[in-house]
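File shown here: final-v9.cif, holding mmCIF, C-alpha atoms.
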```cif
data_model
#
loop_
_atom_site.label_atom_id
_atom_site.label_comp_id
_atom_site.auth_asym_id
_atom_site.auth_seq_id
_atom_site.Cartn_x
_atom_site.Cartn_y
_atom_site.Cartn_z
CA MET A 1276 115.76 -15.42 58.31
CA ARG A 1277 117.79 -14.68 61.49
CA LEU A 1278 120.97 -15.73 59.70
CA PHE A 1279 120.15 -13.55 56.68
CA PHE A 1280 119.65 -10.38 58.74
CA THR A 1281 122.76 -11.11 60.80
CA CYS A 1282 124.85 -11.43 57.65
CA ILE A 1283 123.50 -8.10 56.38
CA CYS A 1284 124.42 -6.37 59.66
CA CYS A 1285 127.94 -7.78 59.58
CA ALA A 1286 128.42 -6.76 55.94
CA VAL A 1287 127.31 -3.18 56.66
CA SER A 1288 129.64 -3.00 59.68
CA CYS A 1289 132.55 -4.21 57.60
CA MET A 1290 131.91 -1.57 54.93
CA LEU A 1291 131.80 1.17 57.56
CA PHE A 1292 135.06 0.10 59.15
CA SER A 1293 136.82 -0.20 55.79
CA GLN A 1294 136.24 3.41 54.66
CA ASP A 1295 139.46 5.15 53.53
CA ARG A 1296 141.74 2.31 54.66
CA LYS A 1297 144.12 0.13 52.73
CA TYR A 1298 143.17 -2.83 54.91
CA THR A 1299 139.94 -3.64 56.71
CA LEU A 1300 142.07 -5.72 59.14
CA SER A 1301 139.06 -7.93 59.85
CA TYR A 1302 137.42 -11.24 59.06
CA LEU A 1303 134.13 -13.07 59.43
CA ASP A 1304 133.53 -16.51 60.85
CA ILE A 1305 130.47 -18.70 61.27
CA ASN A 1306 130.40 -21.74 63.54
CA TYR A 1307 127.78 -24.47 63.76
CA PHE A 1308 127.59 -26.11 67.18
CA ASN A 1309 125.87 -29.12 68.71
CA GLY A 1310 126.11 -30.51 72.22
CA ASN A 1311 124.48 -31.08 75.57
CA ILE A 1312 123.05 -29.12 78.49
CA ALA A 1313 125.29 -29.72 81.51
CA LEU A 1314 123.61 -30.97 84.68
CA HIS A 1315 124.89 -28.45 87.23
CA ASN A 1316 121.70 -28.63 89.31
CA ASN A 1317 119.36 -31.61 89.75
CA ASP A 1318 116.38 -29.25 89.62
CA ILE A 1319 116.86 -28.82 85.85
CA LEU A 1320 116.95 -32.55 85.06
CA HIS A 1321 113.48 -32.39 83.48
CA LEU A 1322 114.73 -29.66 81.09
CA ILE A 1323 117.54 -31.70 79.53
CA LYS A 1324 116.24 -33.25 76.32
CA GLY A 1325 117.89 -33.81 72.95
CA HIS A 1326 121.08 -32.12 71.80
CA PRO A 1327 120.89 -28.29 71.58
CA GLU A 1328 122.28 -26.84 68.37
CA GLY A 1329 122.78 -23.47 66.74
CA TYR A 1330 125.29 -21.15 65.14
CA ILE A 1331 127.58 -18.26 66.08
CA LEU A 1332 128.30 -15.59 63.48
CA SER A 1333 131.12 -13.15 64.26
CA TRP A 1334 132.92 -10.11 62.91
CA ASN A 1335 136.51 -9.88 64.17
CA LYS A 1336 138.90 -6.91 64.11
CA LYS A 1337 142.55 -7.98 63.92
CA THR A 1338 145.39 -6.22 65.72
CA TYR A 1339 148.97 -6.00 64.50
CA GLY A 1340 150.80 -4.24 67.32
CA PHE A 1341 150.14 -0.63 66.35
CA ASN A 1342 149.36 -0.11 70.06
CA ASP A 1343 151.50 -1.44 72.92
CA TRP A 1344 148.72 -3.47 74.52
CA GLU A 1345 148.26 -5.46 71.30
CA GLN A 1346 151.86 -6.65 71.45
CA ARG A 1347 151.60 -7.56 75.13
CA TYR A 1348 148.67 -9.89 74.43
CA ASN A 1349 150.13 -11.51 71.31
CA TYR A 1350 148.00 -9.53 68.84
CA PRO A 1351 144.44 -10.51 69.85
CA ASP A 1352 141.26 -9.91 67.86
CA TYR A 1353 138.17 -8.18 69.16
CA GLY A 1354 134.68 -7.99 67.72
CA VAL A 1355 131.00 -8.80 67.98
CA SER A 1356 129.12 -12.10 67.82
CA PHE A 1357 125.53 -13.08 67.21
CA ALA A 1358 124.41 -16.52 68.39
CA TYR A 1359 121.21 -18.49 67.91
CA GLN A 1360 120.52 -21.68 69.88
CA ASN A 1361 117.67 -24.15 69.69
CA LEU A 1362 117.59 -25.82 73.11
CA LYS A 1363 115.53 -28.77 71.79
CA ASN A 1364 112.92 -28.31 74.47
CA ASP A 1365 109.57 -26.54 74.09
CA VAL A 1366 109.74 -25.49 77.74
CA LEU A 1367 113.06 -23.67 77.26
CA GLY A 1368 112.39 -22.36 73.76
CA ASP A 1369 115.08 -20.73 71.61
CA VAL A 1370 117.70 -18.16 72.63
CA SER A 1371 119.28 -15.36 70.55
CA SER A 1372 122.34 -13.53 71.90
CA LEU A 1373 124.60 -10.60 71.06
CA TYR A 1374 128.15 -10.39 72.46
CA ALA A 1375 131.34 -8.36 72.50
CA HIS A 1376 134.35 -10.67 72.44
CA TYR A 1377 138.13 -10.99 72.43
CA ASN A 1378 140.17 -13.72 70.68
CA PHE A 1379 143.52 -14.66 72.24
CA TYR A 1380 146.11 -16.79 70.44
CA PHE A 1381 148.56 -19.50 71.54
CA LEU A 1382 150.95 -22.08 70.03
CA LYS A 1383 152.04 -20.07 66.98
CA ARG A 1384 148.48 -18.72 66.60
CA ASN A 1385 147.05 -22.18 65.90
CA ILE A 1386 144.95 -22.17 69.09
CA MET A 1387 142.34 -19.47 69.59
CA LEU A 1388 140.59 -18.77 72.89
CA ARG A 1389 137.52 -16.55 72.58
CA ILE A 1390 135.74 -14.97 75.55
CA GLY A 1391 132.43 -13.23 74.88
CA GLN A 1392 130.02 -11.36 77.15
CA GLY A 1393 126.61 -10.03 76.17
CA LEU A 1394 122.84 -10.18 76.37
CA ALA A 1395 120.47 -13.00 75.45
CA PHE A 1396 116.76 -13.07 74.61
CA THR A 1397 114.68 -16.20 75.18
CA THR A 1398 111.37 -16.91 73.47
CA ASN A 1399 109.78 -18.85 76.32
CA PRO A 1400 110.63 -17.72 79.90
CA TYR A 1401 108.96 -18.86 83.10
CA HIS A 1402 105.26 -18.07 83.51
CA LYS A 1403 103.33 -19.24 86.55
CA GLU A 1404 100.41 -20.44 84.40
CA ASP A 1405 101.64 -20.97 80.84
CA ASN A 1406 105.20 -22.20 81.42
CA PHE A 1407 105.72 -23.07 85.08
CA ARG A 1408 108.23 -25.84 84.28
CA ASN A 1409 110.87 -23.41 83.02
CA ILE A 1410 112.72 -22.70 86.25
CA ALA A 1411 115.92 -21.90 84.32
CA PHE A 1412 114.88 -18.54 82.82
CA GLY A 1413 112.80 -16.19 84.93
CA SER A 1414 112.90 -13.36 82.38
CA LYS A 1415 113.06 -12.88 78.62
CA LEU A 1416 116.24 -10.79 78.80
CA MET A 1417 119.31 -12.41 80.32
CA SER A 1418 123.07 -12.05 80.50
CA SER A 1419 125.19 -14.57 78.64
CA THR A 1420 128.83 -15.59 78.53
CA TYR A 1421 130.50 -17.89 76.06
CA VAL A 1422 133.98 -19.37 75.85
CA MET A 1423 135.26 -20.96 72.65
CA LEU A 1424 138.51 -22.93 72.25
CA ASN A 1425 139.37 -23.64 68.60
CA TYR A 1426 142.13 -25.06 66.48
CA LYS A 1427 142.26 -22.57 63.63
CA LYS A 1428 143.82 -22.32 60.17
CA GLU A 1429 143.19 -19.25 58.03
CA ARG A 1430 143.54 -18.91 54.23
CA ILE A 1431 143.48 -22.61 53.39
CA ILE A 1432 141.72 -21.84 50.10
CA ASP A 1433 142.13 -18.22 49.03
CA ARG A 1434 140.50 -16.15 51.84
CA PHE A 1435 138.68 -19.11 53.40
CA GLY A 1436 139.87 -21.04 56.44
CA LEU A 1437 138.59 -23.62 58.94
CA GLN A 1438 138.34 -23.85 62.70
CA ALA A 1439 137.00 -26.48 65.09
CA GLY A 1440 136.81 -26.97 68.83
CA PHE A 1441 134.59 -26.68 71.85
CA SER A 1442 132.36 -23.99 73.33
CA LEU A 1443 130.68 -23.36 76.67
CA ILE A 1444 127.58 -21.13 76.52
CA HIS A 1445 126.02 -19.83 79.74
CA TYR A 1446 122.62 -18.13 80.13
CA SER A 1447 121.44 -16.54 83.37
CA ASN A 1448 119.55 -13.45 84.53
CA ALA A 1449 121.67 -13.39 87.71
CA ASN A 1450 118.62 -13.34 89.98
CA VAL A 1451 117.25 -10.13 88.51
CA LYS A 1452 114.00 -12.10 88.56
CA ALA A 1453 113.18 -15.53 89.97
CA PRO A 1454 113.38 -18.36 89.07
CA ASN A 1455 116.94 -18.53 87.81
CA THR A 1456 118.72 -21.88 87.83
CA SER A 1457 120.46 -20.97 84.51
CA ILE A 1458 121.58 -23.21 81.63
CA ASN A 1459 125.10 -24.23 80.54
CA SER A 1460 125.60 -25.79 77.11
CA VAL A 1461 128.77 -27.76 76.36
CA THR A 1462 129.14 -28.05 72.60
CA PHE A 1463 131.39 -29.08 69.73
CA ASN A 1464 131.70 -26.46 67.01
CA LEU A 1465 132.92 -26.45 63.42
CA GLY A 1466 133.38 -23.21 61.52
CA VAL A 1467 134.55 -21.37 58.43
CA THR A 1468 136.56 -18.13 58.42
CA TYR A 1469 136.67 -15.53 55.63
CA ASN A 1470 139.29 -12.77 55.55
CA LEU A 1471 138.15 -9.44 54.14
CA ASP A 1472 141.62 -8.53 52.83
CA ASP A 1473 143.67 -10.13 50.06
CA GLU A 1474 146.78 -9.84 52.19
CA GLU A 1475 147.76 -8.68 55.67
CA PRO A 1476 150.34 -6.27 57.11
CA GLU A 1477 153.28 -7.49 59.17
CA PHE A 1478 153.08 -7.65 62.97
CA VAL A 1479 154.77 -4.71 64.69
CA ILE A 1480 157.38 -5.84 67.23
CA VAL A 1481 158.69 -2.97 69.37
CA LEU A 1482 158.29 -3.88 73.03
CA SER A 1483 161.08 -5.84 74.72
CA ASN A 1484 161.01 -7.93 77.88
CA THR A 1485 163.21 -5.30 79.54
CA ASN A 1486 160.63 -2.58 78.96
CA LYS A 1487 157.89 -4.76 80.43
CA GLU A 1488 159.84 -5.37 83.64
CA LYS A 1489 160.57 -1.66 84.26
CA PHE A 1490 156.93 -0.68 84.75
CA THR A 1491 156.12 0.68 88.22
CA GLN A 1492 153.18 2.59 89.67
CA PRO A 1493 152.37 3.73 93.23
CA VAL A 1494 149.44 2.36 95.20
CA LYS A 1495 146.13 3.71 93.90
CA TYR A 1496 142.94 4.18 95.94
CA ASN A 1497 139.51 3.40 94.49
CA ILE A 1498 135.97 4.31 95.48
CA ALA A 1499 133.08 2.64 93.64
CA PHE A 1500 129.30 2.74 93.83
CA ARG A 1501 127.28 -0.16 92.44
CA SER A 1502 123.55 -0.71 92.08
CA GLY A 1503 120.85 -2.75 90.34
CA ILE A 1504 117.76 -4.81 91.11
CA ASN A 1505 117.34 -8.43 92.13
CA GLU A 1506 114.97 -10.91 93.73
CA SER A 1507 115.32 -13.78 96.17
CA ASP A 1508 114.82 -17.37 95.02
CA ILE A 1509 111.19 -17.22 96.17
CA VAL A 1510 109.14 -16.70 93.01
CA GLY A 1511 106.88 -13.67 93.26
CA SER A 1512 108.66 -12.16 96.27
CA GLY A 1513 109.35 -9.01 94.28
CA GLN A 1514 112.27 -7.15 92.76
CA PHE A 1515 114.11 -4.67 94.95
CA PRO A 1516 117.04 -2.28 94.45
CA PHE A 1517 120.42 -2.82 96.06
CA TYR A 1518 123.29 -0.42 96.72
CA ILE A 1519 126.95 -1.23 97.30
CA VAL A 1520 129.73 1.12 98.37
CA SER A 1521 133.28 -0.16 97.88
CA ALA A 1522 136.66 1.25 98.87
CA TYR A 1523 139.90 -0.49 98.01
CA ALA A 1524 143.56 -0.03 97.22
CA ASP A 1525 145.33 -1.54 94.24
CA LYS A 1526 148.99 -2.00 93.41
CA ARG A 1527 149.99 -2.34 89.76
CA ILE A 1528 152.70 -5.03 89.66
CA SER A 1529 153.14 -5.05 85.87
CA GLN A 1530 151.70 -3.55 82.70
CA LYS A 1531 148.99 -6.23 82.79
CA ASN A 1532 148.32 -6.99 86.46
CA ALA A 1533 147.27 -5.29 89.68
CA LEU A 1534 146.43 -6.69 93.12
CA GLN A 1535 143.56 -5.33 95.21
CA PHE A 1536 142.50 -5.21 98.85
CA GLY A 1537 139.41 -3.48 100.19
CA ALA A 1538 135.92 -3.57 101.70
CA ASP A 1539 132.27 -3.55 100.56
CA VAL A 1540 129.14 -2.35 102.34
CA PHE A 1541 125.95 -3.99 101.02
CA PHE A 1542 122.43 -2.58 101.27
CA SER A 1543 120.30 -5.36 99.72
CA LYS A 1544 116.59 -4.63 100.04
CA PHE A 1545 115.57 -8.09 98.83
CA LEU A 1546 117.15 -9.50 102.00
CA LYS A 1547 114.91 -7.28 104.11
CA GLU A 1548 111.86 -8.80 102.41
CA LEU A 1549 113.30 -12.32 102.67
CA ILE A 1550 113.91 -11.93 106.41
CA TYR A 1551 110.32 -10.84 106.97
CA TYR A 1552 108.96 -13.65 104.76
CA LYS A 1553 110.92 -16.36 106.60
CA SER A 1554 109.96 -15.01 110.02
CA VAL A 1555 106.29 -15.47 109.06
CA ALA A 1556 106.37 -18.57 106.83
CA PHE A 1557 109.01 -20.63 108.68
CA PRO A 1558 108.70 -20.07 112.44
CA GLU A 1559 110.77 -23.22 113.06
CA GLU A 1560 113.85 -21.33 111.77
CA GLN A 1561 113.50 -18.94 114.73
CA ILE A 1562 113.94 -15.77 112.72
CA ALA A 1563 112.65 -12.72 114.58
CA GLY A 1564 112.06 -10.63 111.47
CA ASP A 1565 113.99 -7.58 112.67
CA GLU A 1566 117.48 -8.87 111.78
CA ASP A 1567 119.67 -6.35 109.97
CA TYR A 1568 119.72 -6.88 106.20
CA LYS A 1569 122.99 -4.97 105.71
CA ARG A 1570 126.32 -6.77 105.27
CA ILE A 1571 129.99 -5.73 105.31
CA GLY A 1572 132.70 -7.69 103.54
CA VAL A 1573 136.44 -7.51 102.99
CA PHE A 1574 138.03 -8.81 99.81
CA VAL A 1575 141.23 -9.45 97.89
CA GLY A 1576 141.25 -9.18 94.13
CA HIS A 1577 143.09 -9.11 90.84
CA GLU A 1578 142.74 -6.77 87.87
CA LEU A 1579 143.92 -7.68 84.37
CA PHE A 1580 144.42 -4.62 82.16
CA ILE A 1581 143.62 -4.90 78.44
CA ASN A 1582 143.84 -1.49 76.78
CA LYS A 1583 141.15 0.72 78.44
CA THR A 1584 139.21 -2.35 79.55
CA SER A 1585 140.13 -4.58 82.47
CA LEU A 1586 138.91 -7.86 83.89
CA ILE A 1587 138.42 -7.96 87.66
CA SER A 1588 138.05 -10.95 89.98
CA GLN A 1589 137.54 -10.66 93.73
CA LEU A 1590 137.14 -13.06 96.64
CA GLY A 1591 135.34 -11.66 99.68
CA TYR A 1592 134.35 -12.61 103.20
CA TYR A 1593 131.51 -11.05 105.24
CA VAL A 1594 132.81 -9.71 108.55
CA TYR A 1595 129.38 -8.31 109.45
CA TYR A 1596 126.76 -10.99 108.70
CA PRO A 1597 123.64 -10.75 110.89
CA PHE A 1598 121.46 -12.91 108.62
CA ASP A 1599 122.62 -16.16 107.03
CA PHE A 1600 122.22 -16.04 103.24
CA GLU A 1601 124.22 -18.41 101.00
CA GLY A 1602 127.29 -18.40 103.29
CA ARG A 1603 129.95 -15.90 104.30
CA THR A 1604 132.16 -16.18 101.19
CA TYR A 1605 131.34 -14.27 98.01
CA PHE A 1606 132.87 -13.76 94.59
CA ARG A 1607 132.80 -10.91 92.09
CA VAL A 1608 133.89 -11.06 88.45
CA GLY A 1609 133.35 -8.59 85.64
CA LEU A 1610 134.63 -5.81 83.45
CA LYS A 1611 135.82 -2.26 84.05
CA ARG A 1612 136.07 0.39 81.37
CA TYR A 1613 138.28 3.41 82.01
CA PHE A 1614 136.94 6.69 80.60
CA ASN A 1615 140.21 8.47 81.44
CA ASP A 1616 143.07 8.09 83.94
CA LYS A 1617 140.70 8.29 86.93
CA TRP A 1618 137.04 7.55 86.15
CA PHE A 1619 135.71 4.12 85.27
CA GLY A 1620 132.46 2.22 84.77
CA ALA A 1621 131.96 -1.40 85.75
CA LEU A 1622 129.67 -4.32 84.99
CA THR A 1623 130.13 -7.19 87.46
CA LEU A 1624 128.47 -10.36 88.69
CA LYS A 1625 128.35 -11.13 92.41
CA SER A 1626 127.82 -14.74 93.44
CA HIS A 1627 128.17 -17.24 96.26
CA GLY A 1628 129.95 -20.13 94.57
CA ALA A 1629 127.87 -21.08 91.50
CA LYS A 1630 124.83 -19.25 92.93
CA ALA A 1631 124.46 -15.76 91.43
CA GLU A 1632 123.09 -12.96 93.62
CA ALA A 1633 123.15 -9.89 91.39
CA VAL A 1634 124.39 -8.12 88.28
CA GLU A 1635 126.01 -4.88 89.45
CA PHE A 1636 126.27 -1.67 87.43
CA GLY A 1637 128.89 0.62 88.87
CA ILE A 1638 130.88 3.81 88.53
CA GLY A 1639 134.03 4.75 90.37
CA ILE A 1640 137.20 6.78 90.64
CA ARG A 1641 140.84 5.63 90.89
CA LEU A 1642 143.04 8.17 92.67
#
```
Target encoding structure tokens, full file:
Amino acid sequence: MRLFFTCICCAVSCMLFSQDRKYTLSYLDINYFNGNIALHNNDILHLIKGHPEGYILSWNKKTYGFNDWEQRYNYPDYGVSFAYQNLKNDVLGDVSSLYAHYNFYFLKRNIMLRIGQGLAFTTNPYHKEDNFRNIAFGSKLMSSTYVMLNYKKERIIDRFGLQAGFSLIHYSNANVKAPNTSINSVTFNLGVTYNLDDEEPEFVIVLSNTNKEKFTQPVKYNIAFRSGINESDIVGSGQFPFYIVSAYADKRISQKNALQFGADVFFSKFLKELIYYKSVAFPEEQIAGDEDYKRIGVFVGHELFINKTSLISQLGYYVYYPFDFEGRTYFRVGLKRYFNDKWFGALTLKSHGAKAEAVEFGIGIRL
């Protein structure tokens, strides 16, 4: 039934996008996958049973170089994916996910790398009485990322083609609610593609290497405000808001890349509660209970520009760190979407190594 409704949604979307056009410039693919849950944490050993399986159904919009960014990235696809996964464990239940994704091509377009980011819904999250063994999913709604690497051949028989490869599917609520050890599935996938056009236009080739090298831009200054809610690893300790103010400079070194340097100020209310809890529950740790919960960090980063969307990655170090929580080093990865030349929105994940702290929703200005 899930597959039926998903197919209907994709068909309707395709009809909408094909209005008044000679080409729809799109295709469908469906991939069956089967694999294993990776043991990234010994605490989830009791949750690894059987071989999780499912399918990923996608609608993909092709690009042919009508815009400059399409040529720079070797004519990628972008689209939406729906995934269903049976985790082969009554404790974990089933997971349904919806993603936005990009497909990038290599080796004469025989190798496809897909990166998808979206939301997942689990049927059986943690419950202190009914499902206390599920320490992986503390909430029904989670974030999810998947990466797919396929060998792909289109139009083998008429409009039908084949693809096969490997996928990594990650589910986590990023400590919005405890517990949250997360699940990573490593799978083999086999799929069929179906092009919605009888034939395709030619790729547009306009940009030259000389034009790419001539790009210059002065240093830009950014101010961003991020917020959200999260909880410490202590189940039932409560969800609290956090606020982050960031200021940084970036230097665009090419059409695709920029380097960043800046600072963050963190106001994480869950830390205030955690400090008080530990001062009462663990006197041997010699925590007074009045330690400052605020933190200040400096970071270096990279921004990869793809049309109006960009991928950011940052490595930070706390220079003001009055309370020890998961170490002084932190990471931030995520997406920015530019509304115009100055204003942008951001969705990022902050973590300490493989340990997520928060999903951050942000808005900012680039001057």
Taking the file as I've supplied it (selection: the PyMOL selection byres ((chain A and resi 1558-1566) around 12)), which residues are included? Please answer as a ChimeraX atom specification. /A:1546-1557,1567-1570,1596-1599
Check which residues of region 1435-1548 of chain A sit at most 12 Å from region 1617-1622 of chain A using all atoms listed in the file, and return one row each with the closest pair of atoms and their distance in Å to one decimal, ordered by chain and rising number, as JSON lines.
```
{"residue": "A:Lys1495", "atom": "CA", "partner": "A:Lys1617", "partner_atom": "CA", "distance": 10.0}
{"residue": "A:Tyr1496", "atom": "CA", "partner": "A:Lys1617", "partner_atom": "CA", "distance": 10.2}
{"residue": "A:Asn1497", "atom": "CA", "partner": "A:Lys1617", "partner_atom": "CA", "distance": 9.1}
{"residue": "A:Ile1498", "atom": "CA", "partner": "A:Trp1618", "partner_atom": "CA", "distance": 9.9}
{"residue": "A:Ala1499", "atom": "CA", "partner": "A:Phe1619", "partner_atom": "CA", "distance": 8.9}
{"residue": "A:Phe1500", "atom": "CA", "partner": "A:Ala1621", "partner_atom": "CA", "distance": 9.5}
{"residue": "A:Arg1501", "atom": "CA", "partner": "A:Ala1621", "partner_atom": "CA", "distance": 8.3}
{"residue": "A:Ser1502", "atom": "CA", "partner": "A:Leu1622", "partner_atom": "CA", "distance": 10.0}
{"residue": "A:Gly1503", "atom": "CA", "partner": "A:Leu1622", "partner_atom": "CA", "distance": 10.4}
```
For those residues, write C-alpha atoms to a file as a tab-separated table (two decimals), in the frame of the given file.
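Contents of again35.tsv, freshly written:
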```tsv
chain	number	residue	atom	x	y	z
A	1495	LYS	CA	146.13	3.71	93.90
A	1496	TYR	CA	142.94	4.18	95.94
A	1497	ASN	CA	139.51	3.40	94.49
A	1498	ILE	CA	135.97	4.31	95.48
A	1499	ALA	CA	133.08	2.64	93.64
A	1500	PHE	CA	129.30	2.74	93.83
A	1501	ARG	CA	127.28	-0.16	92.44
A	1502	SER	CA	123.55	-0.71	92.08
A	1503	GLY	CA	120.85	-2.75	90.34
```
Given the PyMOL selection byres ((chain A and resi 1394) around 10), the residues it picks as a list in words: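 Listing what the PyMOL selection byres ((chain A and resi 1394) around 10) selects in the shown file: Phe1357, Ser1371, Ser1372, Leu1373, Tyr1374, Ala1375, Gln1392, Gly1393, Ala1395, Phe1396, Leu1416, Met1417, Ser1418, Ser1419, Thr1420, Tyr1446, Ser1447 and Asn1448 of chain A.
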Nearest to Arg1347 (chain A) by atom-to-atom distance, counting only C-alpha atoms, from A:Ser1301, A:Gln1514, A:Gln1530, A:Ser1460: A:Gln1530
Show me, as JSON lines, the residues of region 1457-1535 of chain A having an atom within 9 Å of region 1576-1586 of chain A, each with the closest atom pair and its distance in Å, using all atoms listed in the file.
```
{"residue": "A:Asp1525", "atom": "CA", "partner": "A:His1577", "partner_atom": "CA", "distance": 8.6}
{"residue": "A:Arg1527", "atom": "CA", "partner": "A:Glu1578", "partner_atom": "CA", "distance": 8.7}
{"residue": "A:Gln1530", "atom": "CA", "partner": "A:Phe1580", "partner_atom": "CA", "distance": 7.4}
{"residue": "A:Lys1531", "atom": "CA", "partner": "A:Phe1580", "partner_atom": "CA", "distance": 4.9}
{"residue": "A:Asn1532", "atom": "CA", "partner": "A:Leu1579", "partner_atom": "CA", "distance": 4.9}
{"residue": "A:Ala1533", "atom": "CA", "partner": "A:Glu1578", "partner_atom": "CA", "distance": 5.1}
{"residue": "A:Leu1534", "atom": "CA", "partner": "A:His1577", "partner_atom": "CA", "distance": 4.7}
{"residue": "A:Gln1535", "atom": "CA", "partner": "A:Gly1576", "partner_atom": "CA", "distance": 4.6}
```
Write out as JSON, numbers by chain the residues lying within 7 Å of Asn1505 (chain A), counting all atoms listed in the file and excluding same-chain residues fewer than 3 positions away. {"A": [1450, 1451, 1452, 1514, 1515, 1516, 1545, 1633]}
List the spatial neighbours of Phe1308 (chain A) as a list in words - criterion: any atom at most 9 Å away, only C-alpha atoms, same-chain residues fewer than 4 positions off excluded. Pro1327, Glu1328, Gly1329, Tyr1330, Ile1331, Gln1360, Phe1441, Ser1442, Thr1462, Phe1463, Asn1464, Leu1465 and Gly1466 of chain A
Give the answer as one residue: which of A:Phe1381, A:Tyr1359, A:Tyr1469, A:Phe1435 has the shortest atom-to-atom distance to Leu1303 (chain A), using only C-alpha atoms?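 Between A:Phe1381, A:Tyr1359, A:Tyr1469, A:Phe1435, the residue approaching Leu1303 (chain A) most closely is A:Tyr1469.
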What lies within 12 Å of Tyr1593 (chain A) using only C-alpha atoms, ignoring chain neighbours under 3 positions off, as a PyMOL selection string? chain A and resi 1538-1541+1569-1574+1590+1596-1606+1627
Which one of A:Ile1528, A:Ile1458, A:Leu1332, A:Val1608 sits closest to Gly1628 (chain A) if you count only C-alpha atoms?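 Smallest separation from Gly1628 (chain A) among the options: A:Val1608.
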What does the distance between CA of Met1387 (chain A) and CA of Asn1335 (chain A) come to in Å, to one decimal place? 12.5 Å
For CA of Asn1425 (chain A) and CA of Leu1388 (chain A), the interatomic separation in Å (one decimal):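 Taking CA of Asn1425 (chain A) as the start and CA of Leu1388 (chain A) as the end point, the length is 6.6 Å.
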In Å to one decimal, how far is CA of Trp1344 (chain A) from CA of Val1479 (chain A)? 11.6 Å
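Proximity of A:Asp1616, A:Asp1343, A:Asp1365, A:Glu1475 to Asn1406 (chain A), computed with all atoms listed in the file, is greatest for A:Asp1365.
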For Leu1642 (chain A), which residue among A:Val1355, A:Ala1522, A:Val1510, A:Ile1587 is the nearest when counting all atoms listed in the file?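 Ranked by minimum distance to Leu1642 (chain A), first place goes to A:Ala1522.
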Could you tell me which residues the PyMOL selection byres ((chain A and resi 1397) around 6) returns for this structure, as a PyMOL selection string? chain A and resi 1369-1370+1396+1398-1399+1415
